[in-house]
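Undergrad: Got a file for you: protein.cif, mmCIF, C-alpha atoms.
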```cif
data_work
#
loop_
_atom_site.label_atom_id
_atom_site.label_comp_id
_atom_site.auth_asym_id
_atom_site.auth_seq_id
_atom_site.Cartn_x
_atom_site.Cartn_y
_atom_site.Cartn_z
CA MET H 14 0.00 0.00 0.00
CA ASN H 15 2.74 2.40 1.06
CA MET H 16 4.76 1.49 -2.02
CA ILE H 17 1.82 2.41 -4.30
CA LYS H 18 1.41 5.75 -2.47
CA ASN H 19 5.12 6.49 -2.88
CA LYS H 20 4.95 5.65 -6.58
CA VAL H 21 1.98 8.02 -7.04
CA SER H 22 3.66 10.91 -5.23
CA GLU H 23 6.89 10.30 -7.15
CA ARG H 24 4.96 10.45 -10.44
CA GLU H 25 3.23 13.66 -9.37
CA GLU H 26 6.60 15.11 -8.49
CA ILE H 27 7.95 14.22 -11.95
CA GLU H 28 4.77 15.59 -13.57
CA ALA H 29 5.27 18.90 -11.78
CA LEU H 30 8.83 19.14 -13.07
CA LEU H 31 7.95 18.69 -16.76
CA PRO H 32 7.81 22.44 -17.59
CA TRP H 33 11.27 23.02 -16.14
CA HIS H 34 12.59 19.95 -17.96
CA ALA H 35 11.29 21.37 -21.23
CA ALA H 36 12.88 24.74 -20.47
CA GLY H 37 16.18 23.06 -19.51
CA THR H 38 16.35 24.59 -16.05
CA LEU H 39 16.44 21.42 -13.93
CA SER H 40 19.54 20.13 -12.20
CA ARG H 41 21.30 17.25 -13.93
CA ARG H 42 20.05 14.76 -11.34
CA GLU H 43 16.42 15.90 -11.66
CA ALA H 44 16.64 15.94 -15.45
CA GLN H 45 17.86 12.34 -15.45
CA LYS H 46 14.98 11.31 -13.21
CA VAL H 47 12.45 12.94 -15.56
CA GLU H 48 14.10 11.37 -18.62
CA GLN H 49 13.83 7.90 -17.05
CA ALA H 50 10.17 8.42 -16.19
CA LEU H 51 9.37 9.68 -19.70
CA ALA H 52 10.97 6.61 -21.25
CA SER H 53 8.75 4.24 -19.28
CA ASP H 54 5.46 6.19 -19.01
CA ALA H 55 3.57 6.82 -22.27
CA GLU H 56 0.93 9.01 -20.62
CA LEU H 57 3.62 11.21 -19.13
CA ALA H 58 5.26 11.46 -22.55
CA ILE H 59 1.99 12.77 -24.06
CA GLN H 60 1.77 15.33 -21.29
CA TYR H 61 5.37 16.34 -21.96
CA GLU H 62 4.51 16.94 -25.61
CA THR H 63 1.78 19.43 -24.57
CA VAL H 64 4.29 21.15 -22.30
CA ARG H 65 6.68 21.56 -25.24
CA GLN H 66 3.88 23.07 -27.36
CA ASP H 67 3.03 25.50 -24.56
CA LEU H 68 6.67 26.49 -24.26
CA VAL H 69 7.01 27.19 -28.00
CA GLU H 70 3.85 29.30 -28.10
CA THR H 71 4.71 31.19 -24.90
CA ILE H 72 8.02 32.19 -26.45
CA GLY H 73 6.25 33.15 -29.70
CA LEU H 74 3.68 35.22 -27.84
CA ASN H 75 6.31 37.10 -25.81
CA GLU H 76 8.51 37.69 -28.85
CA SER H 77 5.52 39.22 -30.64
CA LEU H 78 5.18 41.88 -27.94
CA GLY H 79 7.83 44.12 -29.50
CA ALA H 80 10.37 46.23 -27.67
CA PRO H 81 10.33 49.57 -25.85
CA SER H 82 11.35 52.70 -27.75
CA ALA H 83 14.66 54.51 -27.32
CA ARG H 84 12.82 56.90 -25.00
CA ALA H 85 13.18 54.38 -22.14
CA MET H 86 16.98 54.48 -22.29
CA GLN H 87 17.00 58.29 -22.70
CA ARG H 88 14.77 58.73 -19.69
CA LEU H 89 16.91 56.36 -17.62
CA MET H 90 20.14 58.15 -18.48
CA ALA H 91 18.56 61.55 -17.73
CA ASP H 92 17.36 60.25 -14.36
CA ILE H 93 20.82 58.86 -13.60
CA GLU H 94 22.43 62.17 -14.56
CA ALA H 95 20.08 64.01 -12.19
CA ASP H 96 20.89 61.46 -9.48
CA VAL H 97 24.64 61.93 -9.96
CA SER H 98 24.35 65.74 -9.82
CA THR H 99 22.36 65.56 -6.59
CA ALA H 100 24.88 63.17 -5.04
CA ARG H 101 27.75 65.45 -6.10
CA ARG H 102 26.05 68.44 -4.48
CA VAL H 103 25.48 66.54 -1.27
CA ARG H 104 29.11 65.36 -1.23
CA SER H 105 30.48 68.85 -1.84
CA SER H 106 28.38 70.32 0.96
CA PHE H 107 30.27 70.60 4.20
CA ASN H 108 28.95 68.00 6.59
CA LEU H 109 29.93 68.82 10.18
CA GLY H 110 28.92 65.39 11.49
CA GLU H 111 30.94 63.56 8.87
CA TRP H 112 33.91 65.86 9.39
CA LEU H 113 33.86 65.33 13.14
CA SER H 114 33.53 61.59 12.69
CA ASP H 115 36.47 61.48 10.23
CA ARG H 116 38.63 63.58 12.48
CA LEU H 117 37.85 61.65 15.63
CA SER H 118 38.55 58.31 14.00
CA SER H 119 42.01 59.46 12.97
CA PHE H 120 43.06 60.73 16.40
CA SER H 121 45.08 58.80 18.95
CA PRO H 122 43.42 57.98 22.31
CA ARG H 123 45.52 60.68 24.04
CA THR H 124 44.39 63.30 21.52
CA LEU H 125 40.85 62.10 21.91
CA ALA H 126 41.07 62.64 25.68
CA TRP H 127 42.16 66.24 25.10
CA SER H 128 39.46 66.66 22.48
CA ALA H 129 36.84 65.39 24.90
CA THR H 130 38.02 67.96 27.48
CA ALA H 131 37.86 70.68 24.83
CA ALA H 132 34.41 69.53 23.78
CA ALA H 133 33.20 69.61 27.36
CA LEU H 134 34.53 73.14 27.68
CA ALA H 135 32.78 74.13 24.47
CA ILE H 136 29.51 72.72 25.78
CA VAL H 137 29.86 74.72 29.00
CA LEU H 138 30.57 77.89 26.97
CA GLN H 139 27.65 77.19 24.68
CA ALA H 140 25.35 76.63 27.67
CA GLY H 141 26.48 80.00 29.03
CA LEU H 142 25.74 81.69 25.71
CA LEU H 143 22.32 80.05 25.46
CA ALA H 144 21.50 81.08 29.03
CA GLY H 145 22.56 84.64 28.15
CA MET H 146 20.35 84.64 25.07
CA PHE H 147 17.46 83.26 27.07
CA VAL H 148 17.81 85.95 29.71
CA ASN H 149 18.09 88.67 27.03
CA ASP H 150 15.02 87.36 25.27
CA ARG H 151 13.07 87.26 28.52
CA GLN H 152 14.02 90.90 29.07
CA GLY H 153 11.82 92.28 26.32
CA GLY H 154 12.73 90.20 23.27
CA PRO H 155 9.99 89.55 20.72
CA PHE H 156 7.80 86.43 20.99
CA ILE H 157 9.08 83.77 18.65
CA THR H 158 7.17 80.64 17.59
CA ALA H 159 8.91 77.31 17.33
CA SER H 160 8.44 77.26 13.54
CA ALA H 161 9.71 80.79 13.01
CA PRO H 162 12.84 81.16 10.90
CA MET H 163 16.16 81.07 12.74
CA GLU H 164 17.18 84.47 11.40
CA GLN H 165 14.85 86.15 13.85
CA THR H 166 16.98 85.08 16.78
CA VAL H 167 20.31 86.02 15.18
CA LYS H 168 21.56 89.49 15.87
CA PRO H 169 22.17 91.69 12.81
CA GLY H 170 25.68 91.63 11.39
CA THR H 171 27.54 91.44 8.11
CA ASP H 172 26.84 88.23 6.25
CA ALA H 173 28.11 86.75 3.01
CA LEU H 174 27.05 83.88 0.83
CA ILE H 175 29.73 81.31 0.19
CA SER H 176 30.13 77.97 -1.56
CA PHE H 177 33.21 75.83 -1.09
CA ALA H 178 35.23 74.21 -3.84
CA PRO H 179 34.29 70.52 -4.32
CA THR H 180 37.95 69.63 -3.78
CA ALA H 181 38.20 71.54 -0.48
CA THR H 182 38.82 69.31 2.51
CA ALA H 183 37.11 69.76 5.85
CA GLY H 184 40.48 70.87 7.26
CA GLU H 185 40.86 73.60 4.65
CA ILE H 186 37.32 74.85 5.27
CA THR H 187 37.88 74.96 9.03
CA LYS H 188 41.15 76.83 8.56
CA LEU H 189 39.46 79.32 6.26
CA LEU H 190 36.70 79.97 8.78
CA GLN H 191 39.28 80.50 11.54
CA THR H 192 41.52 82.77 9.45
CA TYR H 193 38.67 85.10 8.57
CA LYS H 194 36.99 84.68 11.95
CA MET H 195 33.82 83.65 10.16
CA ALA H 196 31.00 81.45 11.42
CA ILE H 197 28.49 79.49 9.37
CA VAL H 198 25.08 80.75 10.46
CA GLU H 199 22.86 79.12 7.87
CA GLY H 200 22.81 76.51 5.13
CA PRO H 201 23.49 74.78 3.04
CA THR H 202 20.84 75.92 0.59
CA GLY H 203 21.89 74.01 -2.48
CA GLU H 204 25.63 74.51 -2.20
CA MET H 205 25.48 77.92 -0.52
CA TYR H 206 26.15 78.71 3.12
CA THR H 207 25.59 82.00 4.90
CA VAL H 208 28.66 83.02 6.86
CA ARG H 209 28.85 85.82 9.40
CA LEU H 210 31.88 88.03 8.78
CA ALA H 211 31.26 90.38 11.68
CA VAL H 212 28.65 90.74 14.40
CA THR H 213 28.23 94.40 13.55
CA GLY H 214 28.03 96.17 10.23
CA ILE H 215 31.42 96.89 8.62
CA PRO H 216 32.26 99.66 6.13
CA LYS H 217 31.50 98.94 2.50
CA GLU H 218 35.12 99.25 1.33
CA GLU H 219 36.39 96.93 4.03
CA LEU H 220 33.69 94.37 3.18
CA ALA H 221 34.59 94.50 -0.53
CA LYS H 222 38.23 93.91 0.42
CA VAL H 223 37.39 90.84 2.52
CA ILE H 224 35.15 89.42 -0.22
CA LYS H 225 37.97 89.91 -2.75
CA GLN H 226 40.44 88.13 -0.48
CA LEU H 227 38.00 85.27 0.01
CA GLN H 228 37.50 84.95 -3.73
CA ASP H 229 41.20 84.28 -4.13
CA GLU H 230 41.14 81.44 -1.60
CA LYS H 231 41.59 77.94 -3.05
CA ALA H 232 38.86 76.45 -0.86
CA VAL H 233 36.26 78.96 -2.06
CA ARG H 234 34.24 78.44 -5.21
CA PHE H 235 31.98 81.46 -4.89
CA VAL H 236 31.56 84.30 -2.40
CA GLY H 237 29.37 87.37 -2.44
CA GLN H 238 27.76 89.80 -0.06
CA LYS H 239 24.38 88.75 1.19
CA SER H 240 21.72 91.29 0.42
CA ALA H 241 19.96 92.79 3.43
CA GLU H 242 16.52 91.23 3.97
CA MET K 27 34.59 36.80 -27.64
CA GLN K 28 34.01 36.91 -23.92
CA THR K 29 31.30 39.23 -22.60
CA THR K 30 31.33 40.84 -19.19
CA SER K 31 29.13 38.93 -16.78
CA ASP K 32 26.02 40.60 -15.38
CA GLU K 33 27.55 40.36 -11.90
CA ALA K 34 30.68 42.20 -13.05
CA LEU K 35 28.50 44.87 -14.64
CA ILE K 36 26.62 45.32 -11.35
CA GLY K 37 29.96 45.77 -9.60
CA ARG K 38 30.91 48.50 -12.06
CA ILE K 39 27.50 50.15 -11.75
CA ALA K 40 27.94 50.22 -7.96
CA ALA K 41 31.15 52.17 -8.58
CA GLY K 42 29.22 54.71 -10.67
CA ASP K 43 30.03 53.42 -14.17
CA LYS K 44 27.28 54.73 -16.46
CA LEU K 45 28.53 52.78 -19.47
CA ALA K 46 28.10 49.53 -17.54
CA MET K 47 24.54 50.63 -16.83
CA GLN K 48 23.91 51.10 -20.55
CA VAL K 49 25.30 47.64 -21.30
CA LEU K 50 23.12 46.00 -18.65
CA PHE K 51 20.09 47.91 -19.93
CA ALA K 52 20.76 46.87 -23.53
CA ARG K 53 21.11 43.26 -22.41
CA HIS K 54 17.93 42.98 -20.38
CA HIS K 55 15.49 45.77 -21.10
CA VAL K 56 13.45 44.00 -23.76
CA ARG K 57 12.72 40.96 -21.58
CA VAL K 58 11.95 43.13 -18.55
CA TYR K 59 9.64 45.25 -20.73
CA ARG K 60 7.78 42.20 -22.01
CA PHE K 61 7.41 40.80 -18.50
CA VAL K 62 5.98 44.12 -17.27
CA LEU K 63 3.78 44.51 -20.34
CA ARG K 64 2.24 41.07 -19.76
CA LEU K 65 1.50 42.09 -16.17
CA MET K 66 0.18 45.58 -16.92
CA GLY K 67 -1.12 45.37 -20.46
CA ASP K 68 -0.20 48.99 -21.23
CA PRO K 69 2.89 49.54 -23.47
CA SER K 70 3.37 53.18 -22.49
CA ARG K 71 3.23 52.49 -18.77
CA ALA K 72 5.44 49.43 -19.18
CA GLU K 73 8.04 51.60 -20.93
CA ASP K 74 7.97 54.19 -18.13
CA LEU K 75 8.26 51.47 -15.56
CA ILE K 76 11.35 49.82 -17.00
CA SER K 77 13.25 53.11 -16.70
CA GLU K 78 12.30 53.10 -13.03
CA VAL K 79 13.41 49.48 -12.63
CA PHE K 80 16.87 50.22 -14.01
CA LEU K 81 17.11 53.44 -12.00
CA ASP K 82 16.56 51.29 -8.90
CA VAL K 83 19.38 49.04 -10.08
CA TRP K 84 21.63 52.10 -10.42
CA ARG K 85 20.78 53.21 -6.89
CA GLN K 86 20.93 49.79 -5.24
CA ALA K 87 23.72 48.07 -7.16
CA ASP K 88 25.99 48.11 -4.11
CA ARG K 89 23.38 46.08 -2.22
CA PHE K 90 23.21 43.27 -4.78
CA GLU K 91 24.46 40.13 -3.02
CA ALA K 92 24.61 37.77 -6.00
CA ARG K 93 22.44 35.19 -4.25
CA SER K 94 20.39 35.04 -7.42
CA GLN K 95 20.99 35.85 -11.08
CA VAL K 96 20.94 39.53 -12.03
CA SER K 97 18.01 38.83 -14.39
CA THR K 98 16.06 37.32 -11.48
CA TRP K 99 16.75 40.42 -9.41
CA LEU K 100 15.58 42.64 -12.29
CA LEU K 101 12.34 40.69 -12.71
CA ALA K 102 11.68 40.79 -8.98
CA ILE K 103 12.07 44.60 -8.95
CA ALA K 104 9.93 44.88 -12.09
CA ARG K 105 7.18 42.70 -10.63
CA TYR K 106 7.10 44.71 -7.40
CA LYS K 107 6.88 47.99 -9.30
CA ALA K 108 4.24 46.73 -11.72
CA LEU K 109 2.01 45.44 -8.94
CA SER K 110 2.49 48.67 -6.95
CA ALA K 111 1.55 50.70 -10.04
CA LEU K 112 -1.52 48.55 -10.65
CA ARG K 113 -2.60 49.03 -7.03
CA LYS K 114 -2.25 52.81 -7.40
CA ARG K 115 -4.61 52.93 -10.39
CA PRO K 116 -7.70 54.70 -9.08
CA ASP K 117 -10.03 52.77 -11.37
CA GLU K 118 -8.43 49.42 -10.67
CA GLU K 119 -7.88 49.09 -6.97
CA LEU K 120 -7.15 45.40 -6.92
CA ASP K 121 -6.00 43.18 -4.14
CA ASP K 122 -3.75 40.23 -5.01
CA GLU K 123 -6.61 37.78 -5.09
CA THR K 124 -8.73 39.86 -7.44
CA ALA K 125 -5.79 40.70 -9.67
CA GLY K 126 -4.90 37.02 -9.86
CA ALA K 127 -8.40 36.00 -10.83
CA ILE K 128 -8.78 38.41 -13.73
CA GLU K 129 -8.24 36.94 -17.17
CA ASP K 130 -6.84 38.89 -20.06
CA PRO K 131 -9.60 39.83 -22.51
CA GLY K 132 -7.94 38.53 -25.65
CA ASP K 133 -9.69 37.37 -28.81
CA ASP K 134 -12.08 34.51 -28.34
CA PRO K 135 -10.15 31.22 -28.77
CA GLU K 136 -13.16 29.73 -30.53
CA VAL K 137 -12.89 32.45 -33.19
CA ALA K 138 -9.24 31.57 -33.62
CA MET K 139 -10.17 27.89 -33.83
CA GLN K 140 -12.37 28.64 -36.78
CA LYS K 141 -9.19 29.61 -38.58
CA LYS K 142 -8.00 26.03 -37.93
CA ASP K 143 -4.74 27.22 -36.48
CA THR K 144 -3.85 25.48 -33.24
CA SER K 145 -0.89 27.75 -32.69
CA VAL K 146 -3.10 30.85 -32.80
CA VAL K 147 -5.66 29.20 -30.50
CA LEU K 148 -2.97 28.28 -28.03
CA ARG K 149 -1.66 31.86 -27.96
CA GLU K 150 -5.15 33.23 -27.46
CA CYS K 151 -5.69 30.80 -24.60
CA LEU K 152 -2.36 31.87 -23.07
CA LYS K 153 -3.64 35.46 -23.14
CA LYS K 154 -6.86 34.42 -21.45
CA LEU K 155 -5.14 32.93 -18.42
CA SER K 156 -5.38 34.80 -15.11
CA ALA K 157 -2.52 37.21 -14.30
CA GLU K 158 -1.16 34.76 -11.74
CA HIS K 159 -1.08 31.88 -14.23
CA ARG K 160 0.25 34.04 -17.07
CA GLU K 161 3.05 35.25 -14.87
CA ILE K 162 4.26 31.80 -13.85
CA ILE K 163 4.07 30.42 -17.39
CA ASP K 164 6.06 33.39 -18.72
CA LEU K 165 8.68 33.07 -16.00
CA VAL K 166 9.22 29.36 -16.60
CA TYR K 167 8.96 29.14 -20.39
CA TYR K 168 10.06 32.54 -21.66
CA HIS K 169 12.35 33.83 -18.92
CA GLU K 170 13.79 30.35 -18.27
CA LYS K 171 13.63 30.63 -14.52
CA SER K 172 14.19 27.63 -12.27
CA VAL K 173 11.76 26.66 -9.50
CA GLU K 174 13.98 28.40 -6.96
CA GLU K 175 14.26 31.59 -9.03
CA VAL K 176 10.52 31.80 -9.66
CA ALA K 177 9.98 31.39 -5.91
CA ARG K 178 12.36 34.29 -5.33
CA ILE K 179 10.69 36.57 -7.89
CA VAL K 180 7.11 35.82 -6.88
CA GLY K 181 7.86 35.53 -3.17
CA VAL K 182 6.24 32.14 -2.55
CA PRO K 183 7.62 28.74 -1.43
CA GLU K 184 9.05 26.42 -4.10
CA ASN K 185 6.23 23.90 -3.65
CA THR K 186 3.68 26.64 -4.31
CA VAL K 187 5.55 27.47 -7.52
CA LYS K 188 5.24 23.86 -8.71
CA THR K 189 1.57 23.63 -7.74
CA ARG K 190 0.74 26.98 -9.34
CA MET K 191 2.45 25.95 -12.57
CA PHE K 192 0.56 22.67 -12.57
CA TYR K 193 -2.79 24.45 -12.22
CA ALA K 194 -1.83 27.03 -14.85
CA ARG K 195 -1.19 24.20 -17.32
CA LYS K 196 -4.43 22.51 -16.31
CA ARG K 197 -6.38 25.74 -16.84
CA LEU K 198 -4.72 26.21 -20.22
CA GLY K 199 -5.79 22.69 -21.17
CA GLU K 200 -9.37 23.46 -20.15
CA LEU K 201 -9.41 26.67 -22.20
CA LEU K 202 -8.08 24.77 -25.21
CA LYS K 203 -10.68 22.06 -24.75
CA ALA K 204 -13.42 24.70 -24.64
CA ALA K 205 -12.02 26.09 -27.91
CA GLY K 206 -12.17 22.66 -29.49
CA VAL K 207 -8.54 21.60 -29.14
CA GLU K 208 -8.19 18.19 -27.51
CA ARG K 209 -4.63 17.35 -26.48
CA GLY K 210 -5.14 14.30 -24.30
CA TRP K 211 -4.24 16.19 -21.13
CA PRO K 212 -5.72 17.12 -18.72
#
```
When written as structure tokens, how does the structure in this file appear?
TA:
Amino acid sequence: MNMIKNKVSEREEIEALLPWHAAGTLSRREAQKVEQALASDAELAIQYETVRQDLVETIGLNESLGAPSARAMQRLMADIEADVSTARRVRSSFNLGEWLSDRLSSFSPRTLAWSATAAALAIVLQAGLLAGMFVNDRQGGPFITASAPMEQTVKPGTDALISFAPTATAGEITKLLQTYKMAIVEGPTGEMYTVRLAVTGIPKEELAKVIKQLQDEKAVRFVGQKSAE
Amino acid sequence: MQTTSDEALIGRIAAGDKLAMQVLFARHHVRVYRFVLRLMGDPSRAEDLISEVFLDVWRQADRFEARSQVSTWLLAIARYKALSALRKRPDEELDDETAGAIEDPGDDPEVAMQKKDTSVVLRECLKKLSAEHREIIDLVYYHEKSVEEVARIVGVPENTVKTRMFYARKRLGELLKAAGVERGWP
């Protein structure tokens, strides 16, 4: 009884594999098993013939569907180009987090210990500044909503728009900011950052001179005075 | 002449090689298009969709783990996108079950039979299969996918693949019988 059941299930198994045998996608062992069964089972052989007909007509039907126009490739390449440009812009934008991470991973443990101390000091200083701002705001500052633009909380000063050269390293950008005593106060918007050159307004001639100097810097791609809003 | 393998092309695409992308596209886009067209039935939408499939390949090439053939990966992405697009159609909000049950409204096989051409009748019957049955027959016969690869593309166990194929063939036989073609099976 069990032997008959096994024979039936084995035949069903072979029957199920016929399409893959016709398509030539069975393993060698499975293909041999199917070949043996086909040689000894006439009914299975008839079924296999129908499978072969189905395969031929399925190929014929699919081949008759034609091909897409050249527009598909053009659209793909345009999309890829747009993707590459976006990625390039993101890469060329100065990423503080990435820069910090790169720098920290290259430092020795001793340097890291000093850096941690310096960072702690910076946090304390920043906390002091924030507390100061909070107190100032409480003493008559305007009411600001959480969604209001950041500019409202920044004191007026002399700002410039700047974009860095794609080849500029994080080190070069940091050095540039230190040399000119600039601070990034906004951005990036596209590739542009807003940098604060001075906390107060500076004379026009002096500003033009600084902008000219910045333009000659290797790490700078573009710099210009930010128009007053 | 030795051609670059699909896997090598994917490696180059992951490194940002646009030429490799063009080669891969040239190699596979027609088959992917036909697979999508059979699922969606709209040449213009199928064309739009294959650009999206290959754009996904461009973006995800570095995540390809070579556990399956590149063509299997392409068809799996194409299938996912085609079904997502079909689901988004406002006039055809189909769940899997409904989508699977719908048969393609091709010419009547009986009309084709009157022309005494079995080949034409068989093709008409293939068109009349449900989307689920059409898909599996195309994957096995036209795209030459193994049981394992079909399982990967469709996202079902291998035994389900075999059973589904069996019932697709059975249904095809019934449609042929109804059109007057007797083949001795089923």
Undergrad: Set the distance at 9 Å and use only C-alpha atoms: which residues neighbour Leu63 (chain K) once local chain neighbours fewer than 5 positions away are removed? I'd like the list as a PyMOL selection string.
TA: (chain H and resi 78) or (chain K and resi 58+68-73+108)
Undergrad: Grab all the atoms of region 28-47 of chain H that the file lists, wrap them in a box along x, y and z, add 5 Å per side, and give me centre plus edge lengths in Å (one decimal) as JSON.
TA:
```
{"center_x": 13.0, "center_y": 18.0, "center_z": -16.3, "size_x": 26.5, "size_y": 23.4, "size_z": 19.9}
```
Undergrad: Check the smallest atom-to-atom distance from each of K:Glu170, K:Glu78, K:Glu161, K:Asp143 to His55 (chain K) using all atoms listed in the file, then report the winner.
TA: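 When distances to His55 (chain K) are compared using all atoms listed in the file, the smallest one comes from K:Glu78.
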Undergrad: Report the distance between CA of Met195 (chain H) and CA of Arg209 (chain H) in Å, rounded to one decimal place.
TA: 5.5 Å
Undergrad: Output as a PyMOL selection string the set of chain K residues within 9 Å of chain H, with distances taken over all atoms listed in the file.
TA: chain K and resi 42+44+47-48+51-52+55-57+59-61+63-64+69-70+72-78+80-81+84-85+145-146+148-149+152-153+163-164+166-173+188-189+191-192+195+198-199+209-212
Undergrad: Which one is closest to Met66 (chain K): K:His159, K:Leu202, K:Ala111, K:Val176? Count only C-alpha atoms.
TA: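 That would be K:Ala111, the residue with the smallest distance to Met66 (chain K).
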Undergrad: Please compute the CA of Asp172 (chain H)-CA of Thr187 (chain H) distance, one decimal, in Å.
TA: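 Interatomic distance here is 17.5 Å.
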Undergrad: Any idea what the distance is between CA of Leu50 (chain K) and CA of Leu109 (chain K)?
TA: 23.2 Å
Undergrad: Taking only C-alpha atoms into account, which of H:Val223, H:Ala232, H:Ala211, H:Leu174 comes nearest Lys188 (chain H)?
TA: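 Comparing H:Val223, H:Ala232, H:Ala211, H:Leu174 against Lys188 (chain H), the winner is H:Ala232.
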Undergrad: Which residues match the PyMOL selection byres ((chain H and resi 190) around 12) in the file above, as number ranges by chain?
TA: H: 175, 177, 183-189, 191-198, 207-210, 227, 230, 232-233
Undergrad: Just write the chosen residues, C-alpha atoms, as an mmCIF file, in the coordinates of the input.
TA:
```cif
data_model
loop_
_atom_site.group_PDB
_atom_site.id
_atom_site.type_symbol
_atom_site.label_atom_id
_atom_site.label_comp_id
_atom_site.auth_asym_id
_atom_site.auth_seq_id
_atom_site.Cartn_x
_atom_site.Cartn_y
_atom_site.Cartn_z
ATOM 1 C CA ILE H 175 29.730 81.310 0.190
ATOM 2 C CA PHE H 177 33.210 75.830 -1.090
ATOM 3 C CA ALA H 183 37.110 69.760 5.850
ATOM 4 C CA GLY H 184 40.480 70.870 7.260
ATOM 5 C CA GLU H 185 40.860 73.600 4.650
ATOM 6 C CA ILE H 186 37.320 74.850 5.270
ATOM 7 C CA THR H 187 37.880 74.960 9.030
ATOM 8 C CA LYS H 188 41.150 76.830 8.560
ATOM 9 C CA LEU H 189 39.460 79.320 6.260
ATOM 10 C CA GLN H 191 39.280 80.500 11.540
ATOM 11 C CA THR H 192 41.520 82.770 9.450
ATOM 12 C CA TYR H 193 38.670 85.100 8.570
ATOM 13 C CA LYS H 194 36.990 84.680 11.950
ATOM 14 C CA MET H 195 33.820 83.650 10.160
ATOM 15 C CA ALA H 196 31.000 81.450 11.420
ATOM 16 C CA ILE H 197 28.490 79.490 9.370
ATOM 17 C CA VAL H 198 25.080 80.750 10.460
ATOM 18 C CA THR H 207 25.590 82.000 4.900
ATOM 19 C CA VAL H 208 28.660 83.020 6.860
ATOM 20 C CA ARG H 209 28.850 85.820 9.400
ATOM 21 C CA LEU H 210 31.880 88.030 8.780
ATOM 22 C CA LEU H 227 38.000 85.270 0.010
ATOM 23 C CA GLU H 230 41.140 81.440 -1.600
ATOM 24 C CA ALA H 232 38.860 76.450 -0.860
ATOM 25 C CA VAL H 233 36.260 78.960 -2.060
#
```
Undergrad: Would you list the contacts of Ile103 (chain K) as a ChimeraX atom specification, taking every protein, DNA or RNA residue within 9 Å and counting only C-alpha atoms, but skipping same-chain residues closer than 2 positions in sequence?
TA: /K:79-80,82-83,98-101,105-108,179
